[in-house]
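my_file.txt follows; it contains compact mmCIF, C-alpha atoms.
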# COMPACT_ATOMS: atom_id res chain seq x y z
CA MET A 19 92.01 118.08 30.45
CA PRO A 20 89.31 118.36 27.81
CA GLU A 21 90.02 119.24 24.20
CA LEU A 22 89.77 123.05 24.33
CA GLY A 23 89.21 123.63 20.64
CA PRO A 24 90.50 126.37 18.34
CA HIS A 25 90.39 129.05 21.07
CA ALA A 26 92.37 127.06 23.65
CA SER A 27 94.96 129.83 24.10
CA PHE A 28 92.26 132.32 25.25
CA ILE A 29 90.95 129.85 27.84
CA ILE A 30 94.44 128.97 29.11
CA TRP A 31 95.53 132.63 29.34
CA ALA A 32 92.32 133.53 31.21
CA TYR A 33 92.85 130.78 33.80
CA LEU A 34 96.58 131.60 34.11
CA GLY A 35 95.81 135.30 34.60
CA VAL A 36 93.32 134.55 37.37
CA LEU A 37 95.77 132.10 38.98
CA VAL A 38 98.49 134.80 39.01
CA GLY A 39 96.05 137.42 40.37
CA VAL A 40 94.74 135.16 43.16
CA ALA A 41 98.27 133.96 44.05
CA ALA A 42 99.42 137.59 44.25
CA LEU A 43 96.54 138.42 46.61
CA ILE A 44 97.26 135.43 48.87
CA LEU A 45 101.02 136.08 48.94
CA SER A 46 100.70 139.83 49.55
CA ALA A 47 98.19 139.26 52.39
CA GLY A 48 100.51 136.67 54.00
CA ILE A 49 103.71 138.72 53.58
CA GLU A 50 102.08 141.91 54.87
CA ALA A 51 100.62 140.06 57.89
CA ARG A 52 104.06 138.69 58.79
CA ARG A 53 105.76 142.06 58.29
CA VAL A 54 103.29 143.90 60.55
CA ARG A 55 103.39 141.18 63.22
CA SER A 56 107.19 141.28 63.37
CA ARG A 57 107.07 145.12 63.56
CA LEU A 58 104.65 144.85 66.49
CA LYS A 59 106.81 142.20 68.20
CA ALA A 60 109.90 144.39 67.80
CA LEU A 61 108.07 147.29 69.47
CA GLU A 62 106.91 145.05 72.34
CA ALA A 63 110.46 143.74 72.75
CA ARG A 64 111.55 147.35 73.31
CA GLY A 65 109.13 147.43 76.26
CA LEU A 66 106.49 149.51 74.50
CA ARG A 67 102.87 148.81 75.34
CA ARG A 68 99.57 150.21 74.06
CA ARG A 69 97.91 152.70 76.43
CA SER A 70 95.12 150.22 77.20
CA GLU A 71 97.67 147.56 78.22
CA GLN A 72 99.72 149.81 80.48
CA ALA A 73 99.38 149.43 84.27
CA PRO A 74 97.20 152.18 85.83
CA MET B 11 73.59 162.58 97.26
CA THR B 12 74.51 159.21 95.83
CA LEU B 13 74.93 158.33 92.24
CA ASP B 14 73.41 155.07 91.14
CA VAL B 15 75.71 153.94 88.38
CA THR B 16 75.02 150.56 86.87
CA LEU B 17 77.19 149.23 84.12
CA LYS B 18 75.13 147.80 81.32
CA LYS B 19 76.44 144.71 79.59
CA PRO B 20 77.48 145.74 76.08
CA ASN B 21 75.17 144.49 73.34
CA TRP B 22 76.35 142.29 70.46
CA PHE B 23 76.88 145.31 68.17
CA SER B 24 79.18 146.97 70.71
CA ARG B 25 81.06 143.72 71.24
CA LEU B 26 81.42 143.34 67.47
CA ALA B 27 82.82 146.86 67.31
CA ASN B 28 85.67 145.94 69.62
CA PRO B 29 88.86 145.26 67.61
CA GLY B 30 90.22 143.06 70.43
CA GLN B 31 87.13 140.83 70.33
CA PHE B 32 87.35 140.71 66.54
CA LEU B 33 90.97 139.55 66.70
CA GLY B 34 89.90 136.85 69.16
CA TRP B 35 87.11 135.20 67.16
CA SER B 36 88.53 135.77 63.69
CA ARG B 37 91.61 133.70 64.58
CA PHE B 38 89.46 130.59 64.90
CA VAL B 39 87.50 131.21 61.69
CA LEU B 40 90.50 131.66 59.37
CA TRP B 41 91.60 128.02 59.09
CA PRO B 42 88.11 126.58 58.40
CA LEU B 43 87.57 129.33 55.80
CA GLY B 44 90.95 128.56 54.18
CA VAL B 45 90.17 124.83 54.01
CA ALA B 46 86.66 125.54 52.62
CA THR B 47 88.22 127.79 49.93
CA PHE B 48 90.64 125.05 48.86
CA VAL B 49 87.96 122.32 48.76
CA LEU B 50 85.47 124.51 46.87
CA PHE B 51 88.10 125.47 44.27
CA ALA B 52 89.13 121.82 43.83
CA ILE B 53 85.50 120.75 43.20
CA GLY B 54 84.62 123.83 41.16
CA LEU B 55 87.67 123.57 38.87
CA TYR B 56 87.02 119.86 38.31
CA PHE B 57 83.49 120.58 37.09
CA ALA B 58 84.51 123.72 35.18
CA LEU B 59 87.32 122.06 33.24
CA PHE B 60 86.46 118.35 33.11
CA ASP B 61 82.78 117.73 33.77
CA SER B 62 80.75 120.44 32.05
CA PRO B 63 79.60 120.63 28.45
CA ALA B 64 80.74 122.99 25.73
CA ASP B 65 78.21 125.67 24.77
CA TYR B 66 76.28 125.14 21.53
CA GLN B 67 77.25 128.63 20.34
CA MET B 68 80.44 129.60 22.17
CA GLY B 69 81.99 126.14 22.24
CA GLU B 70 84.76 125.52 24.78
CA THR B 71 85.30 129.24 25.45
CA VAL B 72 82.28 129.04 27.78
CA ARG B 73 84.77 127.68 30.35
CA ILE B 74 86.04 131.25 30.79
CA MET B 75 82.58 132.05 32.23
CA TYR B 76 83.39 129.97 35.35
CA ILE B 77 86.13 132.44 36.30
CA HIS B 78 84.77 135.60 34.67
CA VAL B 79 81.34 135.68 36.36
CA PRO B 80 82.67 135.10 39.94
CA ASN B 81 85.22 137.91 39.50
CA ALA B 82 82.54 140.22 38.08
CA TRP B 83 80.22 139.31 40.97
CA LEU B 84 82.97 140.04 43.52
CA SER B 85 83.76 143.40 41.91
CA GLN B 86 80.23 144.55 42.82
CA PHE B 87 79.79 142.58 46.06
CA ILE B 88 83.01 143.97 47.56
CA TYR B 89 82.01 147.50 46.63
CA GLY B 90 78.67 146.86 48.39
CA ILE B 91 80.57 145.81 51.52
CA MET B 92 82.75 148.93 51.30
CA ALA B 93 79.67 151.15 50.91
CA ALA B 94 78.05 149.51 53.97
CA ALA B 95 81.30 149.94 55.92
CA SER B 96 81.40 153.60 54.87
CA LEU B 97 77.95 154.09 56.36
CA GLY B 98 79.28 152.40 59.50
CA THR B 99 82.13 154.91 59.61
CA LEU B 100 80.01 158.02 58.99
CA VAL B 101 76.83 157.13 60.92
CA TRP B 102 77.92 154.87 63.80
CA ARG B 103 81.67 155.62 63.90
CA HIS B 104 82.15 151.86 64.16
CA PRO B 105 85.87 151.27 64.91
CA LEU B 106 86.03 148.27 62.59
CA ALA B 107 84.16 149.89 59.70
CA ASP B 108 87.03 151.79 58.11
CA VAL B 109 89.35 148.85 58.87
CA ALA B 110 86.96 146.65 56.84
CA ALA B 111 86.71 149.22 54.04
CA ARG B 112 90.45 149.72 53.77
CA ALA B 113 91.16 145.97 53.82
CA ALA B 114 88.60 145.31 51.07
CA ALA B 115 89.71 147.95 48.54
CA PRO B 116 92.80 146.18 47.05
CA LEU B 117 90.82 142.92 46.88
CA GLY B 118 87.99 144.65 45.04
CA ALA B 119 90.42 146.32 42.63
CA THR B 120 92.14 143.01 41.82
CA PHE B 121 88.90 141.08 41.26
CA THR B 122 87.57 143.91 39.06
CA ALA B 123 90.80 143.89 37.02
CA LEU B 124 90.50 140.10 36.67
CA ALA B 125 86.87 140.45 35.54
CA LEU B 126 87.96 142.89 32.81
CA PHE B 127 90.92 140.68 31.84
CA THR B 128 88.89 137.45 31.57
CA GLY B 129 86.06 139.35 29.87
CA ALA B 130 88.45 140.63 27.19
CA LEU B 131 89.82 137.13 26.59
CA TRP B 132 86.28 135.75 26.38
CA GLY B 133 85.14 138.61 24.14
CA ARG B 134 87.77 138.16 21.43
CA PRO B 135 86.69 134.68 20.24
CA THR B 136 82.98 135.30 21.02
CA TRP B 137 82.40 138.86 19.74
CA GLY B 138 85.54 139.34 17.65
CA THR B 139 86.91 142.10 19.89
CA TYR B 140 88.79 142.38 23.19
CA TRP B 141 87.12 145.64 24.10
CA GLN B 142 84.05 147.69 23.24
CA TRP B 143 82.97 150.92 24.92
CA ASP B 144 79.60 149.45 25.84
CA GLY B 145 77.67 150.13 29.05
CA ARG B 146 78.75 147.08 31.06
CA MET B 147 82.44 147.18 30.15
CA THR B 148 82.82 150.95 30.48
CA SER B 149 81.02 151.10 33.85
CA THR B 150 83.19 148.20 35.11
CA LEU B 151 86.33 150.08 34.00
CA ILE B 152 85.03 153.14 35.89
CA LEU B 153 84.50 150.90 38.94
CA LEU B 154 88.17 149.81 38.72
CA LEU B 155 89.25 153.46 38.53
CA ILE B 156 87.10 154.24 41.61
CA TYR B 157 88.77 151.37 43.51
CA LEU B 158 92.21 152.70 42.54
CA GLY B 159 91.17 156.22 43.60
CA ILE B 160 90.07 154.88 47.00
CA ILE B 161 93.39 153.05 47.50
CA ALA B 162 95.28 156.23 46.56
CA LEU B 163 93.17 158.31 48.98
CA TRP B 164 93.91 155.94 51.87
CA ARG B 165 97.62 156.37 51.20
CA ALA B 166 97.40 160.15 50.92
CA PHE B 167 96.56 160.68 54.62
CA ASP B 168 98.74 160.18 57.69
CA ASP B 169 95.74 160.48 60.02
CA GLN B 170 93.81 157.27 59.34
CA GLY B 171 90.73 158.47 61.25
CA ARG B 172 90.41 161.50 58.95
CA ALA B 173 91.23 159.36 55.93
CA GLY B 174 88.43 156.97 56.94
CA ARG B 175 85.80 159.74 56.85
CA VAL B 176 87.00 161.26 53.56
CA VAL B 177 87.24 157.85 51.88
CA ALA B 178 83.79 156.92 53.23
CA VAL B 179 82.21 159.92 51.50
CA PHE B 180 84.11 159.18 48.28
CA THR B 181 83.07 155.49 48.46
CA LEU B 182 79.38 156.38 48.90
CA VAL B 183 79.49 158.76 45.93
CA GLY B 184 81.26 156.08 43.87
CA ALA B 185 78.56 153.57 44.83
CA LEU B 186 76.33 155.22 42.22
CA ASP B 187 78.35 153.31 39.61
CA VAL B 188 77.39 149.86 40.99
CA PRO B 189 73.72 149.89 39.87
CA VAL B 190 74.93 151.21 36.50
CA VAL B 191 77.25 148.17 36.18
CA LYS B 192 74.46 145.84 37.30
CA PHE B 193 71.63 147.16 35.15
CA SER B 194 73.60 148.45 32.15
CA VAL B 195 72.75 145.30 30.19
CA ASP B 196 69.03 145.92 30.83
CA TRP B 197 69.07 149.69 30.32
CA TRP B 198 71.00 149.75 27.06
CA ASN B 199 71.18 147.44 24.08
CA THR B 200 74.82 146.49 24.57
CA LEU B 201 77.27 143.97 23.18
CA HIS B 202 77.54 142.34 26.62
CA GLN B 203 74.96 139.62 27.23
CA PRO B 204 72.40 139.86 30.10
CA ALA B 205 73.15 138.46 33.58
CA SER B 206 74.25 134.79 33.61
CA ILE B 207 72.55 134.09 36.94
CA SER B 208 69.23 135.61 37.90
CA LEU B 209 67.60 135.49 41.32
CA LEU B 210 64.24 135.17 39.61
CA GLY B 211 65.27 132.07 37.69
CA SER B 212 68.14 130.75 35.64
CA GLU B 213 66.18 129.58 32.66
CA HIS B 214 69.03 130.49 30.29
CA MET B 215 71.49 127.96 31.66
CA PRO B 216 71.35 124.16 32.00
CA PRO B 217 72.12 122.65 35.45
CA SER B 218 75.34 121.09 34.09
CA MET B 219 76.72 124.64 33.66
CA LEU B 220 74.90 126.24 36.57
CA LEU B 221 76.49 123.81 39.08
CA PRO B 222 80.17 124.62 38.28
CA LEU B 223 79.31 128.31 38.03
CA GLY B 224 77.63 128.23 41.44
CA ILE B 225 80.51 126.33 43.07
CA MET B 226 83.15 128.61 41.53
CA THR B 227 81.22 131.72 42.61
CA LEU B 228 81.02 130.34 46.16
CA ALA B 229 84.75 129.44 46.07
CA PHE B 230 85.75 132.97 45.03
CA THR B 231 83.40 134.48 47.64
CA VAL B 232 84.85 132.35 50.46
CA LEU B 233 88.36 133.20 49.20
CA PHE B 234 87.45 136.88 49.46
CA LEU B 235 86.06 136.44 53.00
CA THR B 236 89.26 134.64 54.08
CA LEU B 237 91.57 137.27 52.60
CA HIS B 238 89.40 140.07 53.94
CA LEU B 239 89.65 138.72 57.50
CA VAL B 240 93.45 138.31 57.16
CA ARG B 241 93.81 141.86 55.83
CA MET B 242 91.50 143.30 58.53
CA ARG B 243 93.60 141.63 61.24
CA THR B 244 96.76 143.01 59.63
CA GLU B 245 95.25 146.50 59.49
CA ILE B 246 94.37 146.38 63.22
CA PHE B 247 97.92 145.25 64.08
CA ARG B 248 99.34 148.01 61.83
CA ARG B 249 97.29 150.65 63.66
CA ARG B 250 98.42 149.26 67.01
CA ALA B 251 102.05 149.43 65.91
CA ARG B 252 101.58 152.98 64.64
CA SER B 253 99.94 154.06 67.90
CA MET B 254 102.81 152.51 69.93
CA GLU B 255 105.39 154.27 67.75
CA ARG B 256 103.53 157.56 68.24
CA GLN B 257 103.50 157.07 72.03
CA ALA B 258 107.20 156.27 71.99
CA ALA B 259 107.91 159.43 69.99
CA GLN B 260 105.77 161.52 72.40
CA SER B 261 107.54 160.13 75.47
CA LEU B 262 110.87 161.13 73.91
CA THR B 263 109.77 164.74 73.43
CA GLU B 264 108.25 165.11 76.95

Could I get this structure in the form of structure tokens?
Amino acid sequence: MPELGPHASFIIWAYLGVLVGVAALILSAGIEARRVRSRLKALEARGLRRRSEQAP
Amino acid sequence: MTLDVTLKKPNWFSRLANPGQFLGWSRFVLWPLGVATFVLFAIGLYFALFDSPADYQMGETVRIMYIHVPNAWLSQFIYGIMAAASLGTLVWRHPLADVAARAAAPLGATFTALALFTGALWGRPTWGTYWQWDGRMTSTLILLLIYLGIIALWRAFDDQGRAGRVVAVFTLVGALDVPVVKFSVDWWNTLHQPASISLLGSEHMPPSMLLPLGIMTLAFTVLFLTLHLVRMRTEIFRRRARSMERQAAQSLTE
């Protein structure tokens, strides 16, 4: 890590803030994807199918 | 009388419009995009923090530029994608267009908020203030408010088809703010400095700073593309689940 000088705290807080923001985006996308997939699987387990997948 | 009906093979645009086809190909693109994001961030952060010089005026605080500029770029780029998707919704009724717009909005809002946050932290040691009501900062704050308005509008409707059309109109009206953000530093004599990267030449910046900035901008852009694909897939699955629940409810009432 380089010597960040007299304004080191501003640089560190900026990088930490972006890290938290990006981590939140990745986590929320992953959690939401899992939640929706499991909701869809639960519906399929009940025998429900989309209209396009139903037998004619 | 006989009818001569020939089925034409769908063109690439029609195939692209098919959510099923999208789910098929996007599955195979996600992992390479995820790996590329990780590698680009590893290289970009190395250069940004360890192998780039301090600025002769700003000193070490110039390192904030390597995260501020990519976030600021994404705040406008994502809005551009949403505006294009809105045209797709209103003009071509493309089934994936409002899926793409809805999936992009929270990403755009977050990157815009991060651009304002890093800008404030860069501004304090450089200009002596966290905030100034100048053209660039104020128009970026308005862009954040537009993003939040779009997210709120999506949530206000049960009928996502209707929501898509209303949000598309709102998005296109809000797009007027993007050129204001972009050109505010040229139109007005503001506290914010002119663009860091110019398509017509980057004479203001040495290659030792331009390289980490370029890699970090690419890293953030690929991160956005990865997250956007994940969120689009989730949105399609959510709509499928909702449609199945609606069918189940209808079959109960019949």

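With only C-alpha atoms as the atoms that count, the minimum distance from Val54 of chain A to the choices B:Met242, B:Met215, B:Val176, B:Leu235 is reached by B:Met242.
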
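Comparing the minimum interatomic distances between chain A and each of B:Leu163, B:Met75, B:Leu223, B:Leu228, counting all atoms listed in the file, we find that B:Met75 sits nearest.
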
Output as a PyMOL selection string the set of chain A residues within 7 Å of chain B, with distances taken over only C-alpha atoms. chain A and resi 19-20+22-23+25+28-29+32+36+39+47+51+54-55+58+66-68

Tell me, as a list in words, which residues lie within 9 Å of Met147 of chain B, counting all atoms listed in the file; anything in the same chain fewer than 6 positions away does not count. Leu126, Gly129, Trp141, Val191 and His202 of chain B

Go ahead and compute the interatomic distance for atom CA of Asp187 of chain B and atom CA of Thr122 of chain B, in Å to one decimal. 13.2 Å

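Here atom CA of Gly145 of chain B is placed at a distance of 5.4 Å from atom CA of Ser194 of chain B.
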
Calculate how many Å separate atom CA of Gly184 of chain B from atom CA of Trp198 of chain B, rounding to one decimal. 20.7 Å

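Of the listed residues B:Met68, B:Leu55, B:Leu100, B:Leu106, the one whose atoms come nearest to Ala229 of chain B is B:Leu55, with distances taken using all atoms listed in the file.
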